[in-house]
>>> print(open('structure-v3.pdb').read())   # PDB, C-alpha atoms
ATOM      1  CA  MET E   1     158.274 147.954 160.744
ATOM      2  CA  TYR E   2     157.661 150.738 163.242
ATOM      3  CA  PRO E   3     154.575 152.849 162.517
ATOM      4  CA  PRO E   4     155.456 156.520 161.956
ATOM      5  CA  PHE E   5     156.299 158.148 165.273
ATOM      6  CA  LEU E   6     153.818 160.730 166.503
ATOM      7  CA  LYS E   7     154.275 164.442 165.907
ATOM      8  CA  PHE E   8     152.770 167.563 167.424
ATOM      9  CA  ALA E   9     149.119 168.077 166.373
ATOM     10  CA  ASP E  10     148.670 164.518 165.109
ATOM     11  CA  LYS E  11     145.145 163.151 165.361
ATOM     12  CA  VAL E  12     144.748 160.016 167.479
ATOM     13  CA  ALA E  13     141.674 157.914 168.209
ATOM     14  CA  ILE E  14     140.314 156.642 171.509
ATOM     15  CA  VAL E  15     138.254 153.497 170.936
ATOM     16  CA  SER E  16     136.573 150.962 173.199
ATOM     17  CA  PRO E  17     136.619 147.682 171.247
ATOM     18  CA  SER E  18     136.006 145.539 174.329
ATOM     19  CA  GLY E  19     134.583 146.475 177.703
ATOM     20  CA  THR E  20     132.591 149.470 178.890
ATOM     21  CA  ILE E  21     134.480 152.188 180.745
ATOM     22  CA  ASP E  22     133.618 155.065 183.068
ATOM     23  CA  SER E  23     133.490 158.246 180.986
ATOM     24  CA  LYS E  24     135.733 160.052 183.470
ATOM     25  CA  TYR E  25     138.658 157.931 182.253
ATOM     26  CA  ILE E  26     137.910 158.864 178.652
ATOM     27  CA  ASP E  27     137.852 162.524 179.700
ATOM     28  CA  GLY E  28     141.139 162.075 181.551
ATOM     29  CA  ALA E  29     142.778 160.380 178.558
ATOM     30  CA  VAL E  30     141.615 163.204 176.279
ATOM     31  CA  LYS E  31     143.146 165.725 178.657
ATOM     32  CA  ARG E  32     146.474 163.886 178.875
ATOM     33  CA  LEU E  33     146.803 163.321 175.121
ATOM     34  CA  THR E  34     145.943 166.960 174.503
ATOM     35  CA  GLU E  35     148.727 167.923 176.923
ATOM     36  CA  TRP E  36     151.050 165.832 174.742
ATOM     37  CA  GLY E  37     150.161 168.108 171.833
ATOM     38  CA  LEU E  38     147.922 165.571 170.129
ATOM     39  CA  GLN E  39     144.354 165.900 168.860
ATOM     40  CA  PRO E  40     142.343 163.043 170.388
ATOM     41  CA  VAL E  41     139.177 161.926 168.601
ATOM     42  CA  VAL E  42     136.770 159.862 170.712
ATOM     43  CA  SER E  43     135.001 157.158 168.723
ATOM     44  CA  LYS E  44     131.219 157.146 168.588
ATOM     45  CA  HIS E  45     130.652 154.288 171.032
ATOM     46  CA  ALA E  46     133.769 154.676 173.206
ATOM     47  CA  ARG E  47     131.612 155.865 176.097
ATOM     48  CA  GLY E  48     128.869 153.314 175.485
ATOM     49  CA  SER E  49     127.554 150.663 177.828
ATOM     50  CA  LEU E  50     125.802 147.435 176.877
ATOM     51  CA  GLY E  51     126.192 145.004 179.743
ATOM     52  CA  ARG E  52     129.926 144.353 180.027
ATOM     53  CA  TYR E  53     130.611 145.785 176.577
ATOM     54  CA  SER E  54     130.904 149.313 175.216
ATOM     55  CA  GLY E  55     128.419 148.470 172.474
ATOM     56  CA  THR E  56     127.126 145.779 170.173
ATOM     57  CA  PRO E  57     129.677 143.822 168.145
ATOM     58  CA  GLU E  58     128.600 145.825 165.093
ATOM     59  CA  GLN E  59     129.128 149.144 166.875
ATOM     60  CA  ARG E  60     132.507 148.214 168.304
ATOM     61  CA  ALA E  61     133.709 146.826 164.983
ATOM     62  CA  ALA E  62     132.555 149.954 163.148
ATOM     63  CA  ASP E  63     134.435 152.239 165.562
ATOM     64  CA  LEU E  64     137.649 150.240 165.251
ATOM     65  CA  GLN E  65     137.347 149.990 161.466
ATOM     66  CA  GLU E  66     136.807 153.732 161.150
ATOM     67  CA  ALA E  67     139.913 154.464 163.226
ATOM     68  CA  ILE E  68     141.963 152.011 161.156
ATOM     69  CA  ASP E  69     140.780 153.402 157.815
ATOM     70  CA  ASP E  70     141.126 157.107 158.647
ATOM     71  CA  LYS E  71     144.511 158.176 157.235
ATOM     72  CA  GLU E  72     144.576 161.216 159.514
ATOM     73  CA  ILE E  73     144.510 159.033 162.630
ATOM     74  CA  LYS E  74     148.121 158.208 163.558
ATOM     75  CA  ALA E  75     147.507 156.093 166.675
ATOM     76  CA  ILE E  76     144.665 154.124 168.220
ATOM     77  CA  PHE E  77     144.489 154.253 172.019
ATOM     78  CA  CYS E  78     142.224 151.522 173.368
ATOM     79  CA  SER E  79     140.326 152.766 176.427
ATOM     80  CA  ARG E  80     140.335 149.459 178.322
ATOM     81  CA  GLY E  81     140.458 145.695 177.946
ATOM     82  CA  GLY E  82     138.020 143.336 179.587
ATOM     83  CA  TYR E  83     136.510 141.045 176.974
ATOM     84  CA  GLY E  84     135.047 141.437 173.516
ATOM     85  CA  LEU E  85     137.686 141.802 170.801
ATOM     86  CA  VAL E  86     137.549 138.134 169.920
ATOM     87  CA  GLN E  87     133.896 138.685 168.945
ATOM     88  CA  ILE E  88     134.740 141.260 166.299
ATOM     89  CA  ILE E  89     138.309 140.658 165.091
ATOM     90  CA  ASP E  90     137.196 138.591 162.084
ATOM     91  CA  ARG E  91     135.024 141.539 160.943
ATOM     92  CA  ILE E  92     137.971 143.933 160.707
ATOM     93  CA  ASP E  93     139.622 144.671 157.364
ATOM     94  CA  PHE E  94     143.308 145.466 157.923
ATOM     95  CA  THR E  95     144.077 146.365 154.290
ATOM     96  CA  ALA E  96     144.406 150.077 155.051
ATOM     97  CA  PHE E  97     146.391 149.334 158.204
ATOM     98  CA  GLU E  98     149.013 147.369 156.279
ATOM     99  CA  LEU E  99     149.345 150.208 153.766
ATOM    100  CA  TYR E 100     149.349 152.981 156.380
ATOM    101  CA  PRO E 101     150.455 151.508 159.745
ATOM    102  CA  LYS E 102     149.597 153.351 162.929
ATOM    103  CA  TRP E 103     150.269 152.742 166.588
ATOM    104  CA  ILE E 104     147.959 150.414 168.522
ATOM    105  CA  VAL E 105     148.176 151.016 172.282
ATOM    106  CA  GLY E 106     146.683 148.812 174.990
ATOM    107  CA  PHE E 107     147.005 145.522 176.849
ATOM    108  CA  SER E 108     144.932 142.688 178.310
ATOM    109  CA  ASP E 109     142.137 141.958 175.794
ATOM    110  CA  ILE E 110     143.964 144.205 173.321
ATOM    111  CA  SER E 111     146.465 141.335 172.966
ATOM    112  CA  VAL E 112     144.162 140.182 170.151
ATOM    113  CA  LEU E 113     145.040 143.297 168.156
ATOM    114  CA  HIS E 114     148.746 143.002 168.974
ATOM    115  CA  SER E 115     148.732 139.426 167.685
ATOM    116  CA  VAL E 116     147.197 140.505 164.381
ATOM    117  CA  VAL E 117     149.308 143.592 163.660
ATOM    118  CA  ASN E 118     152.533 141.894 164.770
ATOM    119  CA  SER E 119     151.775 139.113 162.268
ATOM    120  CA  PHE E 120     152.029 141.806 159.576
ATOM    121  CA  GLY E 121     155.520 142.660 160.818
ATOM    122  CA  ILE E 122     154.261 145.913 162.365
ATOM    123  CA  VAL E 123     155.223 147.040 165.868
ATOM    124  CA  SER E 124     152.559 147.924 168.466
ATOM    125  CA  MET E 125     152.617 149.054 172.085
ATOM    126  CA  HIS E 126     151.587 146.798 174.980
ATOM    127  CA  ALA E 127     150.922 149.446 177.624
ATOM    128  CA  GLY E 128     148.421 151.038 179.963
ATOM    129  CA  MET E 129     145.212 152.572 178.727
ATOM    130  CA  ALA E 130     142.839 155.407 179.621
ATOM    131  CA  ARG E 131     142.880 154.860 183.377
ATOM    132  CA  GLN E 132     146.675 154.864 183.555
ATOM    133  CA  LEU E 133     146.930 157.897 181.300
ATOM    134  CA  CYS E 134     144.765 160.015 183.565
ATOM    135  CA  GLU E 135     145.512 158.577 187.033
ATOM    136  CA  GLN E 136     149.287 158.508 186.681
ATOM    137  CA  PRO E 137     150.912 161.954 187.044
ATOM    138  CA  ALA E 138     151.952 163.623 183.809
ATOM    139  CA  ASP E 139     155.617 163.189 184.713
ATOM    140  CA  SER E 140     155.261 159.580 185.957
ATOM    141  CA  GLU E 141     157.639 156.906 184.759
ATOM    142  CA  LEU E 142     154.933 155.098 182.808
ATOM    143  CA  ASN E 143     153.544 158.128 180.994
ATOM    144  CA  ARG E 144     157.053 159.365 180.227
ATOM    145  CA  LEU E 145     158.080 155.985 178.786
ATOM    146  CA  MET E 146     154.914 155.767 176.703
ATOM    147  CA  HIS E 147     155.199 159.331 175.434
ATOM    148  CA  ASN E 148     158.887 159.068 174.516
ATOM    149  CA  ALA E 149     158.430 155.771 172.675
ATOM    150  CA  LEU E 150     155.404 156.949 170.689
ATOM    151  CA  PHE E 151     157.120 160.185 169.697
ATOM    152  CA  GLY E 152     160.355 158.350 168.898
ATOM    153  CA  THR E 153     162.536 160.374 171.265
ATOM    154  CA  GLU E 154     163.608 157.375 173.371
ATOM    155  CA  LEU E 155     162.758 153.688 173.105
ATOM    156  CA  PRO E 156     162.249 151.898 176.434
ATOM    157  CA  ASN E 157     165.246 149.924 177.726
ATOM    158  CA  TYR E 158     164.987 148.098 181.018
ATOM    159  CA  SER E 159     167.296 146.512 183.545
ATOM    160  CA  GLY E 160     166.588 144.750 186.810
ATOM    161  CA  ASN E 161     167.560 142.272 189.441
ATOM    162  CA  THR E 162     167.873 138.549 188.961
ATOM    163  CA  HIS E 163     165.191 136.030 189.973
ATOM    164  CA  PRO E 164     165.825 132.512 191.308
ATOM    165  CA  LEU E 165     163.823 130.940 188.471
ATOM    166  CA  ASN E 166     165.560 132.894 185.693
ATOM    167  CA  ARG E 167     167.542 130.956 183.096
ATOM    168  CA  ILE E 168     170.777 132.540 181.955
ATOM    169  CA  GLY E 169     171.325 133.421 178.317
ATOM    170  CA  GLN E 170     171.286 136.165 175.717
ATOM    171  CA  VAL E 171     169.193 136.462 172.573
ATOM    172  CA  HIS E 172     168.393 139.121 169.969
ATOM    173  CA  SER E 173     164.952 138.466 168.536
ATOM    174  CA  GLN E 174     161.426 139.769 168.078
ATOM    175  CA  VAL E 175     159.252 139.985 171.198
ATOM    176  CA  VAL E 176     155.566 139.081 170.886
ATOM    177  CA  GLY E 177     152.771 138.157 173.249
ATOM    178  CA  GLY E 178     150.501 139.626 175.883
ATOM    179  CA  ASN E 179     147.743 138.201 178.040
ATOM    180  CA  LEU E 180     148.098 134.422 178.233
ATOM    181  CA  SER E 181     144.358 133.655 178.395
ATOM    182  CA  VAL E 182     143.638 135.905 175.421
ATOM    183  CA  LEU E 183     146.448 134.385 173.358
ATOM    184  CA  PHE E 184     145.231 130.916 174.347
ATOM    185  CA  SER E 185     141.767 131.781 173.008
ATOM    186  CA  LEU E 186     143.318 132.414 169.579
ATOM    187  CA  ARG E 187     144.975 128.991 169.354
ATOM    188  CA  GLY E 188     143.928 127.129 166.209
ATOM    189  CA  THR E 189     142.474 130.243 164.556
ATOM    190  CA  HIS E 190     143.705 132.502 161.750
ATOM    191  CA  PHE E 191     144.739 134.976 164.458
ATOM    192  CA  ASP E 192     146.965 132.562 166.377
ATOM    193  CA  LEU E 193     150.204 134.212 167.504
ATOM    194  CA  ASP E 194     153.308 133.274 165.511
ATOM    195  CA  CYS E 195     155.979 132.597 168.149
ATOM    196  CA  TYR E 196     158.518 130.668 166.072
ATOM    197  CA  GLN E 197     162.062 131.690 167.071
ATOM    198  CA  LYS E 198     160.677 134.711 168.920
ATOM    199  CA  ILE E 199     160.699 135.875 172.520
ATOM    200  CA  LEU E 200     157.288 135.250 174.060
ATOM    201  CA  PHE E 201     155.956 137.626 176.722
ATOM    202  CA  ILE E 202     153.064 136.453 178.906
ATOM    203  CA  GLU E 203     151.023 137.888 181.781
ATOM    204  CA  ASP E 204     147.589 137.235 183.255
ATOM    205  CA  VAL E 205     145.111 138.234 185.936
ATOM    206  CA  GLY E 206     142.593 136.375 188.080
ATOM    207  CA  GLU E 207     143.350 132.903 186.690
ATOM    208  CA  LYS E 208     143.558 129.835 188.910
ATOM    209  CA  PRO E 209     146.989 128.161 188.994
ATOM    210  CA  TYR E 210     145.714 124.999 187.324
ATOM    211  CA  HIS E 211     144.219 127.123 184.511
ATOM    212  CA  ILE E 212     147.634 128.671 183.933
ATOM    213  CA  ASP E 213     149.312 125.287 183.998
ATOM    214  CA  ARG E 214     146.752 123.898 181.543
ATOM    215  CA  MET E 215     147.455 126.726 179.101
ATOM    216  CA  MET E 216     151.215 126.279 179.423
ATOM    217  CA  GLN E 217     150.891 122.526 178.876
ATOM    218  CA  ASN E 218     148.887 123.228 175.726
ATOM    219  CA  LEU E 219     151.668 125.496 174.441
ATOM    220  CA  LYS E 220     154.172 122.779 175.259
ATOM    221  CA  MET E 221     152.268 119.945 173.579
ATOM    222  CA  GLY E 222     151.571 122.179 170.590
ATOM    223  CA  GLY E 223     155.282 122.763 170.014
ATOM    224  CA  VAL E 224     155.111 126.480 170.767
ATOM    225  CA  LEU E 225     157.427 126.493 173.774
ATOM    226  CA  GLU E 226     160.163 124.378 172.217
ATOM    227  CA  ASN E 227     160.459 126.742 169.243
ATOM    228  CA  LEU E 228     160.832 129.968 171.230
ATOM    229  CA  SER E 229     164.092 131.902 171.386
ATOM    230  CA  GLY E 230     163.276 133.300 174.829
ATOM    231  CA  LEU E 231     160.521 133.783 177.400
ATOM    232  CA  ILE E 232     159.567 136.844 179.452
ATOM    233  CA  VAL E 233     157.169 136.094 182.294
ATOM    234  CA  GLY E 234     155.331 139.207 183.421
ATOM    235  CA  GLN E 235     152.976 139.656 186.329
ATOM    236  CA  PHE E 236     150.356 137.067 187.227
ATOM    237  CA  SER E 237     148.096 138.976 189.596
ATOM    238  CA  ASP E 238     144.859 138.735 191.596
ATOM    239  CA  TYR E 239     144.877 135.006 192.213
ATOM    240  CA  ASP E 240     145.441 132.674 195.161
ATOM    241  CA  GLU E 241     148.217 130.109 195.119
ATOM    242  CA  ASP E 242     146.874 126.547 195.243
ATOM    243  CA  PRO E 243     148.831 124.368 197.704
ATOM    244  CA  SER E 244     147.312 121.252 196.117
ATOM    245  CA  MET E 245     149.318 121.969 192.963
ATOM    246  CA  GLY E 246     152.546 121.591 194.916
ATOM    247  CA  ARG E 247     154.099 124.454 192.967
ATOM    248  CA  THR E 248     153.735 128.220 192.729
ATOM    249  CA  VAL E 249     152.475 129.713 189.462
ATOM    250  CA  TYR E 250     155.976 130.829 188.503
ATOM    251  CA  GLU E 251     157.299 127.339 189.287
ATOM    252  CA  LEU E 252     154.581 125.779 187.113
ATOM    253  CA  ILE E 253     155.653 128.023 184.235
ATOM    254  CA  ALA E 254     159.316 127.208 184.849
ATOM    255  CA  ASP E 255     158.517 123.484 184.777
ATOM    256  CA  SER E 256     156.803 123.835 181.391
ATOM    257  CA  VAL E 257     159.999 125.181 179.770
ATOM    258  CA  ALA E 258     162.496 123.106 181.764
ATOM    259  CA  ASP E 259     163.452 121.013 178.716
ATOM    260  CA  TYR E 260     164.637 123.999 176.663
ATOM    261  CA  ASP E 261     167.795 126.092 176.819
ATOM    262  CA  TYR E 262     166.778 129.631 175.858
ATOM    263  CA  PRO E 263     166.917 132.541 178.348
ATOM    264  CA  VAL E 264     163.917 132.977 180.643
ATOM    265  CA  LEU E 265     163.144 136.160 182.567
ATOM    266  CA  PHE E 266     160.671 136.019 185.469
ATOM    267  CA  ASP E 267     158.816 138.791 187.296
ATOM    268  CA  PHE E 268     159.025 141.437 184.585
ATOM    269  CA  PRO E 269     156.882 144.420 185.708
ATOM    270  CA  ALA E 270     154.211 144.374 183.012
ATOM    271  CA  GLY E 271     150.617 143.253 183.268
ATOM    272  CA  HIS E 272     147.616 144.058 185.446
ATOM    273  CA  ILE E 273     149.619 146.037 187.980
ATOM    274  CA  GLU E 274     150.127 149.724 188.707
ATOM    275  CA  ARG E 275     153.680 149.714 187.299
ATOM    276  CA  ASN E 276     152.800 148.272 183.909
ATOM    277  CA  LEU E 277     155.909 149.022 181.848
ATOM    278  CA  PRO E 278     155.351 149.572 178.107
ATOM    279  CA  LEU E 279     156.615 146.903 175.719
ATOM    280  CA  LEU E 280     156.944 147.367 171.976
ATOM    281  CA  THR E 281     155.591 144.053 170.754
ATOM    282  CA  GLY E 282     156.663 143.012 167.297
ATOM    283  CA  ALA E 283     160.003 144.817 167.694
ATOM    284  CA  LYS E 284     163.407 143.191 168.046
ATOM    285  CA  ILE E 285     165.059 143.326 171.454
ATOM    286  CA  GLN E 286     168.241 142.088 173.038
ATOM    287  CA  LEU E 287     167.329 140.066 176.109
ATOM    288  CA  THR E 288     170.175 139.391 178.521
ATOM    289  CA  VAL E 289     169.745 137.232 181.612
ATOM    290  CA  ASN E 290     172.774 136.523 183.786
ATOM    291  CA  SER E 291     173.690 135.958 187.422
ATOM    292  CA  GLU E 292     174.163 139.691 188.015
ATOM    293  CA  GLY E 293     170.844 140.904 186.621
ATOM    294  CA  VAL E 294     168.744 141.258 183.490
ATOM    295  CA  SER E 295     168.359 143.754 180.675
ATOM    296  CA  LEU E 296     165.958 144.301 177.824
ATOM    297  CA  LYS E 297     167.133 146.673 175.090
ATOM    298  CA  TYR E 298     165.483 147.810 171.851
TER
END
>>> encode(input="structure-v3.pdb", output="structure tokens")
Amino acid sequence: MYPPFLKFADKVAIVSPSGTIDSKYIDGAVKRLTEWGLQPVVSKHARGSLGRYSGTPEQRAADLQEAIDDKEIKAIFCSRGGYGLVQIIDRIDFTAFELYPKWIVGFSDISVLHSVVNSFGIVSMHAGMARQLCEQPADSELNRLMHNALFGTELPNYSGNTHPLNRIGQVHSQVVGGNLSVLFSLRGTHFDLDCYQKILFIEDVGEKPYHIDRMMQNLKMGGVLENLSGLIVGQFSDYDEDPSMGRTVYELIADSVADYDYPVLFDFPAGHIERNLPLLTGAKIQLTVNSEGVSLKY
């Protein structure tokens, strides 16, 4: 299920359920969303600062709950990721969200929210947040893609070059996922991501290669990888390759799925990079990987 697409004058919320953020990015996001014809409402503690967090767990949970429960709010734009959602996710009541779905926009730590709402069969948007909204030009590729998808004028379809580690194939299935470390932290909980016969998307930032390999081995031993219908490997950024591993990070990931025959796409431009392409997680896509190139179509 797609949440209702946005319309002119819709109210949308800006919340900070995880890390603290410089107020100038909140101001910039308000300006950009207003230019889109929306009415942004900044949550009470969105500009807060309590160590690395925007507020106490109680404050952050209250802001998110209020945005979820308010029927006039048609989308929730998370200001930034960082860390903190895992502390409050079990306090959130999603009853109103299931009855009146709305767009959730964000990435990184916001993968916790994507995992939950996608488990309800509701689509969400893995995309940039306040900083991207205000630092990218109004007519930039990323802001255009985000705007058009949220307003339902054009869903994002992508094509690109091949990669030596890609595995050829075609599949039409639901895409789920997000930040690998965040998804790993949900393993064994009620909020664990359901990947069965789905296309898994993963990305990460600042993790050591052996940490990434350890997480992939866990997914393999837990039966997650063998039951996928496809894999999209996004950007793994801000780390140093470890020669002692004998493999690059992408090669370590390729090794972990070597026993399976579904299509695998490497180096998709989404993650902690400037060109962080929006993905509609929870939606069905057609993933095509062949010797001539790749495509991802909604």
>>> resolve_selection(input="structure-v3.pdb", expression="the PyMOL selection byres ((chain E and resi 86-92) around 7)", output="mmCIF file with C-alpha atoms, keeping the file's coordinate frame")
data_model
loop_
_atom_site.group_PDB
_atom_site.id
_atom_site.type_symbol
_atom_site.label_atom_id
_atom_site.label_comp_id
_atom_site.auth_asym_id
_atom_site.auth_seq_id
_atom_site.Cartn_x
_atom_site.Cartn_y
_atom_site.Cartn_z
ATOM 1 C CA PRO E 57 129.677 143.822 168.145
ATOM 2 C CA ALA E 61 133.709 146.826 164.983
ATOM 3 C CA GLN E 65 137.347 149.990 161.466
ATOM 4 C CA GLY E 84 135.047 141.437 173.516
ATOM 5 C CA LEU E 85 137.686 141.802 170.801
ATOM 6 C CA ASP E 93 139.622 144.671 157.364
ATOM 7 C CA PHE E 94 143.308 145.466 157.923
ATOM 8 C CA VAL E 112 144.162 140.182 170.151
#
>>> closest_residue(input="structure-v3.pdb", among="E:Val176, E:Ala62, E:Val42, E:Ile76", to="Leu280 (chain E)", atoms="all atoms listed in the file")
E:Val176
>>> resolve_selection(input="structure-v3.pdb", expression="the PyMOL selection byres ((chain E and resi 109) around 6)", output="PyMOL selection string")
chain E and resi 81-83+108+110-111
>>> resolve_selection(input="structure-v3.pdb", expression="the PyMOL selection byres ((chain E and resi 186-193) around 9)", output="tab-separated table (two decimals) with C-alpha atoms, in the coordinates of the input")
chain	number	residue	atom	x	y	z
E	86	VAL	CA	137.55	138.13	169.92
E	89	ILE	CA	138.31	140.66	165.09
E	90	ASP	CA	137.20	138.59	162.08
E	112	VAL	CA	144.16	140.18	170.15
E	115	SER	CA	148.73	139.43	167.68
E	116	VAL	CA	147.20	140.50	164.38
E	118	ASN	CA	152.53	141.89	164.77
E	119	SER	CA	151.78	139.11	162.27
E	176	VAL	CA	155.57	139.08	170.89
E	177	GLY	CA	152.77	138.16	173.25
E	181	SER	CA	144.36	133.66	178.40
E	182	VAL	CA	143.64	135.90	175.42
E	183	LEU	CA	146.45	134.38	173.36
E	184	PHE	CA	145.23	130.92	174.35
E	185	SER	CA	141.77	131.78	173.01
E	194	ASP	CA	153.31	133.27	165.51
E	195	CYS	CA	155.98	132.60	168.15
>>> atom_distance(input="structure-v3.pdb", atom1="CA of Ser54 (chain E)", atom2="CA of Lys31 (chain E)")
20.8 Å
>>> closest_residue(input="structure-v3.pdb", among="E:Leu155, E:Leu200, E:Val233, E:Ala130", to="Asp22 (chain E)", atoms="all atoms listed in the file")
E:Ala130
>>> residues_near_point(input="structure-v3.pdb", point="(175.7, 136.2, 181.3)", cutoff="12 Å", atoms="all atoms listed in the file", output="ChimeraX atom specification")
/E:162,166-171,263,287-295
>>> residues_near_point(input="structure-v3.pdb", point="(152.5, 122.4, 172.0)", cutoff="12 Å", atoms="only C-alpha atoms", output="PyMOL selection string")
chain E and resi 184+187-188+195-196+214-228+256-257
>>> write_last_selection(input="structure-v3.pdb", atoms="C-alpha atoms", output="mmCIF file, in the frame of the given file")
data_model
loop_
_atom_site.group_PDB
_atom_site.id
_atom_site.type_symbol
_atom_site.label_atom_id
_atom_site.label_comp_id
_atom_site.auth_asym_id
_atom_site.auth_seq_id
_atom_site.Cartn_x
_atom_site.Cartn_y
_atom_site.Cartn_z
ATOM 1 C CA PHE E 184 145.231 130.916 174.347
ATOM 2 C CA ARG E 187 144.975 128.991 169.354
ATOM 3 C CA GLY E 188 143.928 127.129 166.209
ATOM 4 C CA CYS E 195 155.979 132.597 168.149
ATOM 5 C CA TYR E 196 158.518 130.668 166.072
ATOM 6 C CA ARG E 214 146.752 123.898 181.543
ATOM 7 C CA MET E 215 147.455 126.726 179.101
ATOM 8 C CA MET E 216 151.215 126.279 179.423
ATOM 9 C CA GLN E 217 150.891 122.526 178.876
ATOM 10 C CA ASN E 218 148.887 123.228 175.726
ATOM 11 C CA LEU E 219 151.668 125.496 174.441
ATOM 12 C CA LYS E 220 154.172 122.779 175.259
ATOM 13 C CA MET E 221 152.268 119.945 173.579
ATOM 14 C CA GLY E 222 151.571 122.179 170.590
ATOM 15 C CA GLY E 223 155.282 122.763 170.014
ATOM 16 C CA VAL E 224 155.111 126.480 170.767
ATOM 17 C CA LEU E 225 157.427 126.493 173.774
ATOM 18 C CA GLU E 226 160.163 124.378 172.217
ATOM 19 C CA ASN E 227 160.459 126.742 169.243
ATOM 20 C CA LEU E 228 160.832 129.968 171.230
ATOM 21 C CA SER E 256 156.803 123.835 181.391
ATOM 22 C CA VAL E 257 159.999 125.181 179.770
#
>>> residues_around(input="structure-v3.pdb", residues="Tyr158 (chain E)", least_positions_apart="2", cutoff="7 Å", atoms="only C-alpha atoms", output="VMD selection string")
chain E and resid 156 160 295 to 297
>>> closest_residue(input="structure-v3.pdb", among="E:Leu252, E:Ile26, E:Ala67, E:Leu165", to="Lys11 (chain E)", atoms="all atoms listed in the file")
E:Ala67
>>> closest_residue(input="structure-v3.pdb", among="E:Gly128, E:Gly282, E:Pro269, E:Gly246", to="Tyr210 (chain E)", atoms="all atoms listed in the file")
E:Gly246
>>> closest_residue(input="structure-v3.pdb", among="E:Tyr53, E:Arg131, E:Glu274, E:His126", to="Lys24 (chain E)", atoms="all atoms listed in the file")
E:Arg131
>>> residues_around(input="structure-v3.pdb", residues="Arg47 (chain E)", least_positions_apart="4", cutoff="10 Å", atoms="all atoms listed in the file", output="PyMOL selection string")
chain E and resi 14-16+19-27+42-43+54-55+79
>>> atom_distance(input="structure-v3.pdb", atom1="CA of Gly230 (chain E)", atom2="CA of Tyr262 (chain E)")
5.2 Å
>>> axis_aligned_box(input="structure-v3.pdb", around="region 282-293 of chain E", padding_each_side="6 Å", output="lines of an AutoDock Vina configuration file")
center_x = 165.4
center_y = 140.4
center_z = 177.7
size_x = 29.5
size_y = 20.9
size_z = 32.7
>>> residues_around(input="structure-v3.pdb", residues="Met125 (chain E)", least_positions_apart="6", cutoff="9 Å", atoms="only C-alpha atoms", output="ChimeraX atom specification")
/E:103-107,114,146,149-150,278-282
>>> atom_distance(input="structure-v3.pdb", atom1="CA of Phe120 (chain E)", atom2="CA of Val175 (chain E)")
13.8 Å
>>> closest_residue(input="structure-v3.pdb", among="E:Thr153, E:Ser140, E:Ser49, E:Gln174", to="Leu277 (chain E)", atoms="all atoms listed in the file")
E:Ser140
